[in-house]
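This is data_30.cif. It holds mmCIF, N, CA and C atoms.
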data_structure
loop_
_atom_site.label_atom_id
_atom_site.label_comp_id
_atom_site.auth_asym_id
_atom_site.auth_seq_id
_atom_site.Cartn_x
_atom_site.Cartn_y
_atom_site.Cartn_z
N MET A 22 132.87 -111.65 88.45
CA MET A 22 131.80 -110.69 88.29
C MET A 22 132.39 -109.30 88.51
N PRO A 23 132.23 -108.38 87.55
CA PRO A 23 132.79 -107.04 87.73
C PRO A 23 132.07 -106.28 88.82
N THR A 24 132.81 -105.43 89.45
CA THR A 24 132.25 -104.54 90.46
C THR A 24 132.76 -103.15 90.14
N SER A 25 132.90 -102.31 91.11
CA SER A 25 133.55 -101.03 90.90
C SER A 25 134.81 -101.03 91.76
N ARG A 26 135.85 -100.38 91.28
CA ARG A 26 137.13 -100.35 91.98
C ARG A 26 136.97 -99.66 93.33
N LYS A 27 136.38 -98.48 93.33
CA LYS A 27 136.09 -97.79 94.58
C LYS A 27 134.74 -98.30 95.06
N PRO A 28 134.58 -98.43 96.37
CA PRO A 28 133.28 -98.89 96.85
C PRO A 28 132.17 -97.92 96.43
N LEU A 29 131.09 -98.49 95.98
CA LEU A 29 129.92 -97.68 95.65
C LEU A 29 129.24 -97.26 96.95
N PRO A 30 128.48 -96.16 96.91
CA PRO A 30 127.64 -95.86 98.08
C PRO A 30 126.73 -97.06 98.35
N ASP A 31 126.33 -97.22 99.60
CA ASP A 31 125.53 -98.39 99.97
C ASP A 31 124.30 -98.58 99.10
N TRP A 32 123.58 -97.48 98.80
CA TRP A 32 122.35 -97.60 98.01
C TRP A 32 122.66 -98.15 96.62
N ALA A 33 123.79 -97.73 96.02
CA ALA A 33 124.14 -98.18 94.68
C ALA A 33 124.63 -99.62 94.71
N ALA A 34 125.43 -99.97 95.71
CA ALA A 34 125.91 -101.34 95.83
C ALA A 34 124.75 -102.30 96.05
N ASP A 35 123.78 -101.90 96.88
CA ASP A 35 122.61 -102.72 97.12
C ASP A 35 121.78 -102.87 95.85
N ASN A 36 121.58 -101.77 95.14
CA ASN A 36 120.82 -101.82 93.89
C ASN A 36 121.49 -102.75 92.88
N ARG A 37 122.81 -102.61 92.73
CA ARG A 37 123.56 -103.45 91.79
C ARG A 37 123.43 -104.91 92.15
N LYS A 38 123.58 -105.23 93.42
CA LYS A 38 123.51 -106.63 93.88
C LYS A 38 122.13 -107.23 93.59
N ARG A 39 121.07 -106.51 93.98
CA ARG A 39 119.72 -107.02 93.74
C ARG A 39 119.45 -107.17 92.25
N TYR A 40 119.91 -106.21 91.46
CA TYR A 40 119.72 -106.24 90.01
C TYR A 40 120.38 -107.49 89.43
N GLN A 41 121.64 -107.73 89.79
CA GLN A 41 122.36 -108.88 89.27
C GLN A 41 121.73 -110.20 89.69
N GLU A 42 121.30 -110.28 90.94
CA GLU A 42 120.75 -111.53 91.47
C GLU A 42 119.40 -111.88 90.87
N THR A 43 118.64 -110.88 90.40
CA THR A 43 117.27 -111.13 89.93
C THR A 43 117.06 -110.78 88.46
N ASP A 44 118.15 -110.53 87.71
CA ASP A 44 118.04 -110.06 86.33
C ASP A 44 117.14 -108.84 86.25
N GLY A 45 117.27 -107.98 87.23
CA GLY A 45 116.55 -106.71 87.21
C GLY A 45 115.13 -106.75 87.71
N ALA A 46 114.60 -107.95 88.01
CA ALA A 46 113.24 -108.00 88.54
C ALA A 46 113.15 -107.16 89.82
N ASP A 47 114.22 -107.17 90.60
CA ASP A 47 114.34 -106.31 91.77
C ASP A 47 115.55 -105.42 91.52
N GLY A 48 115.34 -104.14 91.40
CA GLY A 48 116.46 -103.23 91.16
C GLY A 48 116.33 -102.43 89.88
N HIS A 49 115.57 -102.95 88.91
CA HIS A 49 115.41 -102.19 87.65
C HIS A 49 114.76 -100.84 87.92
N ILE A 50 113.76 -100.83 88.78
CA ILE A 50 113.13 -99.56 89.15
C ILE A 50 113.69 -99.15 90.51
N TRP A 51 114.33 -98.00 90.54
CA TRP A 51 114.93 -97.45 91.76
C TRP A 51 114.36 -96.06 91.97
N ARG A 52 113.71 -95.86 93.11
CA ARG A 52 113.07 -94.58 93.44
C ARG A 52 112.16 -94.10 92.30
N GLY A 53 111.47 -95.03 91.70
CA GLY A 53 110.52 -94.72 90.64
C GLY A 53 111.14 -94.50 89.27
N THR A 54 112.43 -94.73 89.15
CA THR A 54 113.11 -94.52 87.87
C THR A 54 113.75 -95.80 87.36
N PRO A 55 113.81 -95.97 86.04
CA PRO A 55 114.44 -97.16 85.49
C PRO A 55 115.96 -97.06 85.57
N THR A 56 116.58 -98.19 85.93
CA THR A 56 118.05 -98.24 85.96
C THR A 56 118.54 -99.41 85.11
N LEU A 57 119.74 -99.23 84.60
CA LEU A 57 120.43 -100.30 83.90
C LEU A 57 121.76 -100.51 84.60
N LEU A 58 122.44 -101.58 84.23
CA LEU A 58 123.79 -101.82 84.72
C LEU A 58 124.75 -101.57 83.56
N LEU A 59 125.76 -100.73 83.81
CA LEU A 59 126.76 -100.39 82.81
C LEU A 59 128.11 -100.92 83.26
N THR A 60 128.77 -101.66 82.38
CA THR A 60 130.13 -102.13 82.65
C THR A 60 131.08 -101.42 81.70
N THR A 61 132.03 -100.69 82.28
CA THR A 61 133.10 -100.05 81.52
C THR A 61 134.40 -100.75 81.86
N ILE A 62 135.42 -100.47 81.08
CA ILE A 62 136.76 -100.96 81.39
C ILE A 62 137.54 -99.80 81.98
N GLY A 63 138.10 -100.01 83.17
CA GLY A 63 138.85 -98.95 83.84
C GLY A 63 140.01 -98.46 82.98
N ARG A 64 140.09 -97.19 82.76
CA ARG A 64 141.13 -96.62 81.91
C ARG A 64 142.51 -96.74 82.54
N ILE A 65 142.57 -96.88 83.85
CA ILE A 65 143.85 -97.05 84.54
C ILE A 65 144.06 -98.51 84.91
N SER A 66 143.04 -99.14 85.48
CA SER A 66 143.18 -100.52 85.97
C SER A 66 143.07 -101.56 84.87
N GLY A 67 142.32 -101.24 83.80
CA GLY A 67 142.06 -102.23 82.76
C GLY A 67 141.04 -103.27 83.19
N GLU A 68 140.44 -103.10 84.36
CA GLU A 68 139.49 -104.06 84.90
C GLU A 68 138.06 -103.61 84.63
N PRO A 69 137.13 -104.58 84.48
CA PRO A 69 135.73 -104.20 84.29
C PRO A 69 135.14 -103.59 85.56
N LEU A 70 134.37 -102.53 85.37
CA LEU A 70 133.74 -101.81 86.47
C LEU A 70 132.26 -101.70 86.18
N LEU A 71 131.43 -102.09 87.13
CA LEU A 71 129.99 -102.16 86.90
C LEU A 71 129.25 -101.29 87.89
N LEU A 72 128.29 -100.50 87.36
CA LEU A 72 127.48 -99.69 88.26
C LEU A 72 126.09 -99.47 87.68
N PRO A 73 125.12 -99.23 88.57
CA PRO A 73 123.76 -98.94 88.12
C PRO A 73 123.63 -97.46 87.78
N LEU A 74 122.90 -97.17 86.70
CA LEU A 74 122.65 -95.80 86.27
C LEU A 74 121.20 -95.65 85.84
N ILE A 75 120.65 -94.49 86.09
CA ILE A 75 119.32 -94.15 85.58
C ILE A 75 119.43 -94.07 84.07
N TYR A 76 118.40 -94.55 83.37
CA TYR A 76 118.46 -94.49 81.91
C TYR A 76 117.13 -94.04 81.31
N GLY A 77 117.25 -93.62 80.08
CA GLY A 77 116.11 -93.34 79.23
C GLY A 77 116.38 -93.98 77.89
N THR A 78 115.45 -93.79 76.96
CA THR A 78 115.64 -94.35 75.62
C THR A 78 115.39 -93.28 74.56
N ASN A 79 116.00 -93.52 73.43
CA ASN A 79 115.78 -92.70 72.24
C ASN A 79 115.81 -93.68 71.07
N GLY A 80 114.63 -94.06 70.59
CA GLY A 80 114.58 -95.11 69.58
C GLY A 80 115.10 -96.40 70.19
N ASN A 81 116.07 -97.04 69.53
CA ASN A 81 116.66 -98.28 70.04
C ASN A 81 117.84 -98.04 70.97
N ASP A 82 118.23 -96.79 71.15
CA ASP A 82 119.40 -96.47 71.96
C ASP A 82 119.00 -96.20 73.40
N TYR A 83 119.94 -96.45 74.30
CA TYR A 83 119.76 -96.13 75.71
C TYR A 83 120.55 -94.86 76.01
N LEU A 84 120.05 -94.08 76.95
CA LEU A 84 120.67 -92.82 77.33
C LEU A 84 121.00 -92.84 78.81
N VAL A 85 122.19 -92.33 79.14
CA VAL A 85 122.57 -92.13 80.54
C VAL A 85 123.23 -90.75 80.63
N VAL A 86 123.24 -90.20 81.83
CA VAL A 86 123.75 -88.85 82.05
C VAL A 86 124.96 -88.91 82.98
N ALA A 87 126.05 -88.28 82.58
CA ALA A 87 127.28 -88.27 83.38
C ALA A 87 127.27 -87.09 84.33
N SER A 88 126.34 -87.11 85.28
CA SER A 88 126.10 -85.93 86.12
C SER A 88 127.02 -85.82 87.32
N LYS A 89 127.30 -86.93 87.98
CA LYS A 89 128.06 -86.93 89.24
C LYS A 89 127.49 -85.91 90.21
N GLY A 90 126.16 -85.77 90.19
CA GLY A 90 125.49 -84.87 91.12
C GLY A 90 125.84 -83.41 90.95
N GLY A 91 126.37 -83.05 89.78
CA GLY A 91 126.74 -81.66 89.54
C GLY A 91 128.16 -81.32 89.99
N ALA A 92 128.98 -82.33 90.25
CA ALA A 92 130.38 -82.10 90.63
C ALA A 92 131.13 -81.42 89.49
N ALA A 93 132.26 -80.83 89.82
CA ALA A 93 133.05 -80.09 88.84
C ALA A 93 133.73 -81.00 87.82
N ASP A 94 133.91 -82.27 88.15
CA ASP A 94 134.62 -83.20 87.27
C ASP A 94 133.67 -84.31 86.81
N HIS A 95 133.97 -84.88 85.66
CA HIS A 95 133.17 -86.00 85.15
C HIS A 95 133.31 -87.22 86.06
N PRO A 96 132.29 -88.06 86.10
CA PRO A 96 132.41 -89.30 86.87
C PRO A 96 133.44 -90.23 86.22
N ALA A 97 134.03 -91.09 87.02
CA ALA A 97 135.06 -92.02 86.52
C ALA A 97 134.52 -92.89 85.39
N TRP A 98 133.27 -93.33 85.49
CA TRP A 98 132.74 -94.21 84.45
C TRP A 98 132.71 -93.50 83.10
N TYR A 99 132.45 -92.20 83.11
CA TYR A 99 132.43 -91.44 81.85
C TYR A 99 133.85 -91.34 81.28
N LYS A 100 134.82 -91.10 82.15
CA LYS A 100 136.21 -91.05 81.70
C LYS A 100 136.63 -92.40 81.13
N ASN A 101 136.14 -93.48 81.75
CA ASN A 101 136.46 -94.82 81.24
C ASN A 101 135.91 -95.04 79.84
N LEU A 102 134.64 -94.68 79.63
CA LEU A 102 134.08 -94.93 78.30
C LEU A 102 134.61 -93.95 77.26
N ALA A 103 135.08 -92.78 77.70
CA ALA A 103 135.75 -91.87 76.76
C ALA A 103 137.05 -92.50 76.28
N ALA A 104 137.73 -93.24 77.15
CA ALA A 104 138.98 -93.92 76.78
C ALA A 104 138.70 -95.20 76.01
N ASN A 105 137.60 -95.88 76.33
CA ASN A 105 137.23 -97.12 75.66
C ASN A 105 135.71 -97.17 75.58
N PRO A 106 135.14 -96.83 74.42
CA PRO A 106 133.68 -96.75 74.31
C PRO A 106 132.95 -98.09 74.20
N ASP A 107 133.69 -99.18 74.18
CA ASP A 107 133.04 -100.49 74.13
C ASP A 107 132.63 -100.89 75.53
N VAL A 108 131.33 -101.02 75.76
CA VAL A 108 130.79 -101.28 77.09
C VAL A 108 129.84 -102.47 77.04
N GLU A 109 129.44 -102.92 78.22
CA GLU A 109 128.38 -103.91 78.34
C GLU A 109 127.24 -103.28 79.11
N VAL A 110 126.04 -103.65 78.73
CA VAL A 110 124.84 -103.08 79.32
C VAL A 110 123.91 -104.22 79.70
N GLN A 111 123.21 -104.04 80.82
CA GLN A 111 122.14 -104.95 81.20
C GLN A 111 120.91 -104.13 81.50
N VAL A 112 119.81 -104.44 80.80
CA VAL A 112 118.51 -103.84 81.07
C VAL A 112 117.57 -105.01 81.37
N LEU A 113 117.14 -105.07 82.64
CA LEU A 113 116.42 -106.25 83.12
C LEU A 113 117.29 -107.47 82.85
N GLY A 114 116.78 -108.49 82.16
CA GLY A 114 117.58 -109.68 81.87
C GLY A 114 118.33 -109.61 80.55
N ASP A 115 118.17 -108.52 79.81
CA ASP A 115 118.81 -108.36 78.50
C ASP A 115 120.22 -107.81 78.68
N LYS A 116 121.22 -108.65 78.38
CA LYS A 116 122.63 -108.26 78.50
C LYS A 116 123.20 -108.18 77.10
N PHE A 117 123.87 -107.04 76.79
CA PHE A 117 124.39 -106.86 75.44
C PHE A 117 125.59 -105.93 75.44
N LYS A 118 126.35 -106.03 74.37
CA LYS A 118 127.48 -105.13 74.14
C LYS A 118 126.96 -103.87 73.46
N ALA A 119 127.59 -102.77 73.78
CA ALA A 119 127.17 -101.50 73.19
C ALA A 119 128.40 -100.63 72.96
N ARG A 120 128.20 -99.63 72.15
CA ARG A 120 129.23 -98.61 71.90
C ARG A 120 128.67 -97.31 72.47
N ALA A 121 129.45 -96.68 73.31
CA ALA A 121 129.02 -95.44 73.96
C ALA A 121 129.60 -94.24 73.23
N ARG A 122 128.79 -93.21 73.13
CA ARG A 122 129.28 -91.95 72.57
C ARG A 122 128.53 -90.81 73.23
N THR A 123 129.21 -89.68 73.30
CA THR A 123 128.60 -88.49 73.89
C THR A 123 127.72 -87.83 72.84
N ALA A 124 126.54 -87.43 73.23
CA ALA A 124 125.64 -86.72 72.32
C ALA A 124 126.32 -85.43 71.85
N THR A 125 126.16 -85.13 70.58
CA THR A 125 126.71 -83.90 70.04
C THR A 125 125.90 -82.72 70.56
N PRO A 126 126.44 -81.50 70.46
CA PRO A 126 125.67 -80.33 70.88
C PRO A 126 124.32 -80.23 70.17
N ALA A 127 124.25 -80.64 68.92
CA ALA A 127 122.98 -80.58 68.19
C ALA A 127 122.00 -81.65 68.69
N GLU A 128 122.51 -82.81 69.06
CA GLU A 128 121.65 -83.90 69.54
C GLU A 128 121.18 -83.72 70.98
N LYS A 129 121.97 -83.05 71.78
CA LYS A 129 121.78 -83.06 73.22
C LYS A 129 120.46 -82.46 73.73
N PRO A 130 119.99 -81.31 73.27
CA PRO A 130 118.82 -80.71 73.92
C PRO A 130 117.61 -81.62 74.08
N PRO A 131 117.14 -82.31 73.03
CA PRO A 131 115.96 -83.16 73.27
C PRO A 131 116.29 -84.39 74.13
N LEU A 132 117.53 -84.87 74.06
CA LEU A 132 117.93 -86.01 74.88
C LEU A 132 118.00 -85.60 76.35
N TRP A 133 118.52 -84.41 76.59
CA TRP A 133 118.56 -83.88 77.96
C TRP A 133 117.13 -83.76 78.51
N GLU A 134 116.23 -83.24 77.70
CA GLU A 134 114.83 -83.11 78.13
C GLU A 134 114.24 -84.47 78.49
N THR A 135 114.54 -85.47 77.68
CA THR A 135 114.07 -86.83 77.97
C THR A 135 114.56 -87.28 79.34
N MET A 136 115.85 -87.08 79.59
CA MET A 136 116.43 -87.54 80.85
C MET A 136 115.95 -86.71 82.04
N ALA A 137 115.77 -85.40 81.85
CA ALA A 137 115.31 -84.54 82.94
C ALA A 137 113.85 -84.84 83.30
N ARG A 138 113.06 -85.35 82.35
CA ARG A 138 111.70 -85.77 82.69
C ARG A 138 111.76 -87.00 83.60
N ILE A 139 112.74 -87.87 83.37
CA ILE A 139 112.88 -89.08 84.17
C ILE A 139 113.46 -88.75 85.55
N TRP A 140 114.46 -87.88 85.58
CA TRP A 140 115.13 -87.51 86.84
C TRP A 140 115.31 -86.00 86.84
N PRO A 141 114.33 -85.24 87.30
CA PRO A 141 114.37 -83.77 87.24
C PRO A 141 115.59 -83.15 87.92
N ALA A 142 116.20 -83.85 88.86
CA ALA A 142 117.38 -83.31 89.54
C ALA A 142 118.54 -83.05 88.59
N TYR A 143 118.54 -83.65 87.40
CA TYR A 143 119.62 -83.36 86.44
C TYR A 143 119.69 -81.86 86.15
N ASN A 144 118.56 -81.20 86.08
CA ASN A 144 118.57 -79.75 85.85
C ASN A 144 119.26 -79.02 87.01
N ASP A 145 119.00 -79.46 88.23
CA ASP A 145 119.67 -78.87 89.39
C ASP A 145 121.17 -79.13 89.34
N TYR A 146 121.54 -80.34 88.97
CA TYR A 146 122.97 -80.68 88.89
C TYR A 146 123.67 -79.77 87.88
N GLN A 147 123.02 -79.53 86.74
CA GLN A 147 123.66 -78.69 85.73
C GLN A 147 123.84 -77.26 86.24
N GLN A 148 122.89 -76.79 87.03
CA GLN A 148 123.00 -75.44 87.58
C GLN A 148 124.11 -75.33 88.62
N LYS A 149 124.48 -76.44 89.25
CA LYS A 149 125.52 -76.44 90.27
C LYS A 149 126.94 -76.37 89.70
N THR A 150 127.10 -76.64 88.41
CA THR A 150 128.45 -76.74 87.85
C THR A 150 128.57 -75.96 86.54
N SER A 151 129.79 -75.52 86.26
CA SER A 151 130.04 -74.89 84.97
C SER A 151 130.36 -75.95 83.91
N ARG A 152 130.57 -77.19 84.35
CA ARG A 152 130.86 -78.30 83.44
C ARG A 152 129.60 -78.61 82.64
N ASP A 153 129.76 -78.80 81.35
CA ASP A 153 128.64 -79.24 80.52
C ASP A 153 128.43 -80.73 80.79
N ILE A 154 127.34 -81.07 81.43
CA ILE A 154 127.09 -82.47 81.78
C ILE A 154 126.70 -83.24 80.53
N PRO A 155 127.46 -84.29 80.21
CA PRO A 155 127.19 -85.06 78.99
C PRO A 155 125.98 -85.99 79.10
N VAL A 156 125.30 -86.13 77.97
CA VAL A 156 124.34 -87.20 77.79
C VAL A 156 125.06 -88.24 76.93
N VAL A 157 125.06 -89.47 77.40
CA VAL A 157 125.75 -90.55 76.70
C VAL A 157 124.73 -91.44 76.02
N ILE A 158 124.99 -91.73 74.76
CA ILE A 158 124.14 -92.62 73.96
C ILE A 158 124.81 -93.98 73.90
N LEU A 159 124.07 -95.00 74.30
CA LEU A 159 124.56 -96.38 74.26
C LEU A 159 123.89 -97.08 73.08
N GLU A 160 124.69 -97.35 72.05
CA GLU A 160 124.17 -97.98 70.82
C GLU A 160 124.50 -99.46 70.85
N ARG A 161 123.45 -100.27 70.78
CA ARG A 161 123.62 -101.73 70.82
C ARG A 161 124.57 -102.16 69.70
N ALA A 162 125.53 -103.04 70.07
CA ALA A 162 126.53 -103.50 69.11
C ALA A 162 126.20 -104.86 68.53
N ASP A 163 125.33 -105.62 69.20
CA ASP A 163 125.02 -106.97 68.68
C ASP A 163 123.65 -107.08 68.11
#

Would you put the structure from the file into structure tokens?
Amino acid sequence: MPTSRKPLPDWAADNRKRYQETDGADGHIWRGTPTLLLTTIGRISGEPLLLPLIYGTNGNDYLVVASKGGAADHPAWYKNLAANPDVEVQVLGDKFKARARTATPAEKPPLWETMARIWPAYNDYQQKTSRDIPVVILERAD
């Protein structure tokens, strides 16, 4: 079972564990927001890495934000999918392969609005950093 190479914060590790054990019946909603499980392949380790992320939708696609709380650098999971965009996703009990891509500058504004409605702190995170925080589109592959 994939995990993350670095230990996740306790809240994230607990959320991931409950999500996996119950197919999302417990863990899908975290602090009032929907979460999915994303598995990337480590760009350095080559090992699968799994973590819970807040998500939104756009049509049939899932959206996640590479915010890292407004840190100056992208989160490791984003760097992993930039190196290898083939990922696995779990939403509740639905597990599927997907292809990840960063929203283009033209696509991003309405997608960002969608995500900021779900988690308003994304706007605060963007104000904390000069880094353009990416919105990632997860397109189902199967």

Using only N, CA and C atoms, the shortest atom-to-atom distance to Ala162 (chain A) among A:Phe117, A:Trp98, A:Tyr40, A:Trp32 belongs to A:Phe117

For the provided coordinates, the residues matched by the PyMOL selection byres ((chain A and resi 142-159) around 5) should be stated as a compact mmCIF listing (two decimals) with N, CA and C atoms, in the coordinates of the input.
# COMPACT_ATOMS: atom_id res chain seq x y z
N ASP A 82 118.23 -96.79 71.15
CA ASP A 82 119.40 -96.47 71.96
C ASP A 82 119.00 -96.20 73.40
N TYR A 83 119.94 -96.45 74.30
CA TYR A 83 119.76 -96.13 75.71
C TYR A 83 120.55 -94.86 76.01
N LEU A 84 120.05 -94.08 76.95
CA LEU A 84 120.67 -92.82 77.33
C LEU A 84 121.00 -92.84 78.81
N VAL A 85 122.19 -92.33 79.14
CA VAL A 85 122.57 -92.13 80.54
C VAL A 85 123.23 -90.75 80.63
N VAL A 86 123.24 -90.20 81.83
CA VAL A 86 123.75 -88.85 82.05
C VAL A 86 124.96 -88.91 82.98
N ALA A 87 126.05 -88.28 82.58
CA ALA A 87 127.28 -88.27 83.38
C ALA A 87 127.27 -87.09 84.33
N GLY A 90 126.16 -85.77 90.19
CA GLY A 90 125.49 -84.87 91.12
C GLY A 90 125.84 -83.41 90.95
N GLY A 91 126.37 -83.05 89.78
CA GLY A 91 126.74 -81.66 89.54
C GLY A 91 128.16 -81.32 89.99
N ARG A 120 128.20 -99.63 72.15
CA ARG A 120 129.23 -98.61 71.90
C ARG A 120 128.67 -97.31 72.47
N ALA A 121 129.45 -96.68 73.31
CA ALA A 121 129.02 -95.44 73.96
C ALA A 121 129.60 -94.24 73.23
N ARG A 122 128.79 -93.21 73.13
CA ARG A 122 129.28 -91.95 72.57
C ARG A 122 128.53 -90.81 73.23
N THR A 123 129.21 -89.68 73.30
CA THR A 123 128.60 -88.49 73.89
C THR A 123 127.72 -87.83 72.84
N ALA A 124 126.54 -87.43 73.23
CA ALA A 124 125.64 -86.72 72.32
C ALA A 124 126.32 -85.43 71.85
N TRP A 140 114.46 -87.88 85.58
CA TRP A 140 115.13 -87.51 86.84
C TRP A 140 115.31 -86.00 86.84
N PRO A 141 114.33 -85.24 87.30
CA PRO A 141 114.37 -83.77 87.24
C PRO A 141 115.59 -83.15 87.92
N GLU A 160 124.69 -97.35 72.05
CA GLU A 160 124.17 -97.98 70.82
C GLU A 160 124.50 -99.46 70.85
N ARG A 161 123.45 -100.27 70.78
CA ARG A 161 123.62 -101.73 70.82
C ARG A 161 124.57 -102.16 69.70

(message) Given the point (120.2, -101.3, 80.3) in the file's coordinates, find the residues that have an atom at most 7 Å from it, counting only C-alpha atoms, and give them as a list in words.
(response) Thr56, Leu57, Leu58, Tyr83, Val110, Gln111, Val112 and Leu113 of chain A

Please dump the current selection as a short mmCIF file (atom, residue, chain, number, x, y, z; two decimals), in the frame of the given file; keep N, CA and C atoms.
data_model
loop_
_atom_site.label_atom_id
_atom_site.label_comp_id
_atom_site.auth_asym_id
_atom_site.auth_seq_id
_atom_site.Cartn_x
_atom_site.Cartn_y
_atom_site.Cartn_z
N THR A 56 116.58 -98.19 85.93
CA THR A 56 118.05 -98.24 85.96
C THR A 56 118.54 -99.41 85.11
N LEU A 57 119.74 -99.23 84.60
CA LEU A 57 120.43 -100.30 83.90
C LEU A 57 121.76 -100.51 84.60
N LEU A 58 122.44 -101.58 84.23
CA LEU A 58 123.79 -101.82 84.72
C LEU A 58 124.75 -101.57 83.56
N TYR A 83 119.94 -96.45 74.30
CA TYR A 83 119.76 -96.13 75.71
C TYR A 83 120.55 -94.86 76.01
N VAL A 110 126.04 -103.65 78.73
CA VAL A 110 124.84 -103.08 79.32
C VAL A 110 123.91 -104.22 79.70
N GLN A 111 123.21 -104.04 80.82
CA GLN A 111 122.14 -104.95 81.20
C GLN A 111 120.91 -104.13 81.50
N VAL A 112 119.81 -104.44 80.80
CA VAL A 112 118.51 -103.84 81.07
C VAL A 112 117.57 -105.01 81.37
N LEU A 113 117.14 -105.07 82.64
CA LEU A 113 116.42 -106.25 83.12
C LEU A 113 117.29 -107.47 82.85
#

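For the pair CA of Gly45 (chain A) and CA of Thr60 (chain A), the interatomic distance is 15.0 Å.
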
Min atom-atom distance to Lys38 (chain A) from the set A:Pro106, A:Gly53, A:Thr125, A:Pro73, counting only N, CA and C atoms, belongs to A:Pro73

### Given only C-alpha atoms as the counted atoms, nearest of A:Pro131, A:Gly80, A:Pro96, A:Gly114 to Ala46 (chain A)
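Using only C-alpha atoms, Ala46 (chain A) sits closest to A:Gly114.
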
Margin query: Expand the PyMOL selection byres ((chain A and resi 64-68) around 8) into the explicit residue set it covers here, and present it as number ranges by chain.
Written below: A: 23-24, 26, 60-63, 69-71, 97, 100-102, 104-105

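Computed from the coordinates, the CA of Thr78 (chain A) to atom C of Thr135 (chain A) distance equals 8.1 Å.
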
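Closest approach to Asp163 (chain A) from the set A:Asp35, A:Asp115, A:Glu128, A:Asp44 is made by A:Asp115, with distances taken over only C-alpha atoms.
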
**Prompt:** Among region 39-98 of chain A, which ones does DSSP place in helix (DSSP H, G or I), written as a count of residues only?
**Reply:** 10

| field | Point-to-point distance in Å for atom C of Leu59 (chain A) and CA of Glu109 (chain A) | value |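 Straight-line distance from CA of Glu109 (chain A) to atom C of Leu59 (chain A) works out to 5.8 Å.
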
**Hits from the PyMOL selection byres ((chain A and resi 36) around 8), listed as a ChimeraX atom specification** = /A:30-35,37-42,47-49,51,72-73

- request: Please give the complete set of residues from chain A that DSSP, run on the backbone, assigns to strand (DSSP E), formatted as JSON, numbers by chain.
  value: {"A": [50, 51, 54, 55, 56, 57, 58, 59, 60, 61, 62, 69, 70, 71, 72, 73, 74, 75, 77, 78, 79, 82, 83, 84, 85, 86, 107, 108, 109, 110, 111, 112, 115, 116, 117, 118, 119, 120, 121, 122, 123, 156, 157, 158, 159, 160, 161]}

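Taking all atoms listed in the file into account, Ile139 (chain A) lies nearest to A:Tyr76 out of the set A:His95, A:Lys118, A:Asn81, A:Tyr76.
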
Per-axis box centre and lengths in Å around region 60-70 of chain A, 5 Å margin per side, axis-aligned, as JSON:
{"center_x": 136.4, "center_y": -100.6, "center_z": 83.8, "size_x": 25.3, "size_y": 18.0, "size_z": 15.4}
